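Below is final-v9.csv, holding CSV, C-alpha atoms.
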chain,number,residue,atom,x,y,z
T,7,MET,CA,-92.1,192.4,-10.9
T,8,GLY,CA,-89.0,192.1,-8.8
T,9,ASP,CA,-90.4,194.5,-6.2
T,10,LEU,CA,-93.4,192.3,-5.9
T,11,PHE,CA,-91.4,189.2,-5.1
T,12,LYS,CA,-89.2,191.1,-2.7
T,13,ALA,CA,-92.3,192.4,-0.9
T,14,LEU,CA,-93.8,188.9,-0.7
T,15,ALA,CA,-90.5,187.3,0.5
T,16,ASP,CA,-90.8,188.8,4.0
T,17,PRO,CA,-93.0,186.9,6.5
T,18,THR,CA,-94.0,190.0,8.4
T,19,ARG,CA,-95.2,191.6,5.1
T,20,ARG,CA,-97.2,188.5,4.3
T,21,VAL,CA,-98.9,188.7,7.7
T,22,ILE,CA,-99.7,192.3,7.0
T,23,LEU,CA,-101.3,191.3,3.8
T,24,ASP,CA,-103.3,188.5,5.6
T,25,GLU,CA,-104.6,191.2,8.0
T,26,LEU,CA,-105.7,193.4,5.1
T,27,VAL,CA,-107.4,190.5,3.5
T,28,GLU,CA,-109.4,189.9,6.7
T,29,ARG,CA,-110.1,193.6,7.4
T,30,ASP,CA,-109.2,196.1,4.6
T,31,GLY,CA,-108.7,199.8,5.2
T,32,GLN,CA,-106.7,199.9,8.4
T,33,THR,CA,-104.5,202.6,9.9
T,34,LEU,CA,-100.9,202.0,11.0
T,35,PHE,CA,-102.1,201.9,14.6
T,36,GLU,CA,-104.7,199.2,13.8
T,37,ILE,CA,-102.3,197.1,11.8
T,38,CYS,CA,-99.6,197.3,14.6
T,39,THR,CA,-102.2,196.3,17.2
T,40,ARG,CA,-103.5,193.4,15.2
T,41,LEU,CA,-100.0,192.1,14.5
T,42,THR,CA,-99.1,192.2,18.1
T,43,MET,CA,-102.3,190.7,19.5
T,44,ARG,CA,-103.0,188.1,16.9
T,45,HIS,CA,-99.6,187.1,15.6
T,46,GLY,CA,-97.1,188.1,18.4
T,47,VAL,CA,-95.2,190.4,16.0
T,48,ALA,CA,-93.4,192.8,18.3
T,49,SER,CA,-92.1,195.2,15.6
T,50,SER,CA,-92.1,198.9,16.2
T,51,ARG,CA,-94.5,201.2,14.5
T,52,GLN,CA,-91.6,202.5,12.4
T,53,ALA,CA,-90.7,199.0,11.3
T,54,ILE,CA,-94.3,198.2,10.3
T,55,SER,CA,-94.5,201.6,8.5
T,56,GLN,CA,-91.4,200.6,6.5
T,57,HIS,CA,-92.9,197.2,5.6
T,58,LEU,CA,-96.1,199.0,4.4
T,59,ALA,CA,-93.9,201.3,2.3
T,60,VAL,CA,-92.3,198.2,0.6
T,61,LEU,CA,-95.8,196.8,0.0
T,62,GLU,CA,-97.0,200.1,-1.4
T,63,GLU,CA,-94.0,200.3,-3.8
T,64,ALA,CA,-94.8,196.8,-5.0
T,65,GLY,CA,-98.4,197.9,-5.7
T,66,LEU,CA,-99.8,195.5,-3.2
T,67,VAL,CA,-101.1,198.2,-0.8
T,68,GLY,CA,-102.9,201.4,-1.7
T,69,VAL,CA,-103.3,204.3,0.7
T,70,ARG,CA,-106.1,206.8,1.2
T,71,LYS,CA,-105.6,209.8,3.4
T,72,GLU,CA,-108.5,211.2,5.4
T,73,GLY,CA,-107.6,214.1,7.7
T,74,ARG,CA,-104.8,213.0,9.9
T,75,TYR,CA,-105.3,209.3,9.2
T,76,LYS,CA,-103.9,207.1,6.5
T,77,PHE,CA,-105.8,204.0,5.6
T,78,HIS,CA,-104.2,201.0,3.9
T,79,TYR,CA,-105.9,198.8,1.4
T,80,LEU,CA,-105.0,195.6,-0.3
T,81,ASP,CA,-104.5,195.7,-4.1
T,82,VAL,CA,-104.5,192.3,-5.6
T,83,GLY,CA,-103.8,193.6,-9.1
T,84,PRO,CA,-100.1,192.7,-9.1
T,85,LEU,CA,-101.0,189.1,-8.0
T,86,ARG,CA,-103.5,188.8,-10.8
T,87,GLN,CA,-100.8,189.8,-13.3
T,88,ILE,CA,-98.6,186.9,-12.0
T,89,GLY,CA,-101.6,184.6,-12.5
T,90,GLU,CA,-102.2,185.9,-16.0
T,91,ARG,CA,-98.5,185.5,-16.9
T,92,TRP,CA,-97.9,182.0,-15.6
T,93,LEU,CA,-101.2,180.3,-14.6
T,94,LYS,CA,-102.8,179.8,-17.9
T,95,GLU,CA,-105.3,177.1,-18.5
T,96,GLU,CA,-104.2,174.3,-20.7
T,97,THR,CA,-106.4,173.6,-23.7
As structure tokens, how would this structure be written, given the file I've shared?
Amino acid sequence: MGDLFKALADPTRRVILDELVERDGQTLFEICTRLTMRHGVASSRQAISQHLAVLEEAGLVGVRKEGRYKFHYLDVGPLRQIGERWLKEET
């Protein structure tokens, strides 16, 4: 679970997740373009790729390869686990 909190601690990674919530299944190029145009994030493709790798290691982003392209998808499973662990309804 430490990887999850590490991944969520960075503001750029949170913006990447926001973008995947809005439009799931994006390539690195699409994510970089949206971050620059919509959020003014001027990170290099390599930096965004590293952020995506951290999100993938934490289980928040899944990847599907199709030919030369790699599509990134949001996986909310780890967030649900946090909810199940700490956000229980009181009886």
Spatial neighbours of Leu34 in chain T, max dist 12 Å, all atoms listed in the file, sep filter under 2 positions, as a list in words = Ile22, Glu25, Leu26, Gly31, Gln32, Glu36, Ile37, Cys38, Thr39, Arg40, Leu41, Ser50, Arg51, Gln52, Ala53, Ile54, Ser55, Gln56, His57, Leu58, Ala59, Val69, Lys71, Arg74, Tyr75, Lys76, Phe77, His78 and Tyr79 of chain T
How far is it from CA of Arg19 in chain T to CA of Glu72 in chain T, in Å with one decimal?
->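 Distance between the two atoms: 23.7 Å.
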Selection: 7 Å around range 81-85 of chain T, only C-alpha atoms, excl. self and same-chain fewer than 5 positions, as a PyMOL selection string | chain T and resi 65-68
Give me, please, the distance in Å between CA of Thr33 in chain T and CA of Gln87 in chain T, quoted to one decimal.
->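 Spanning CA of Thr33 in chain T to CA of Gln87 in chain T is a straight-line distance of 26.8 Å.
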What is the distance between CA of Asp16 in chain T and CA of Lys94 in chain T, in Å to one decimal?
-> 26.5 Å
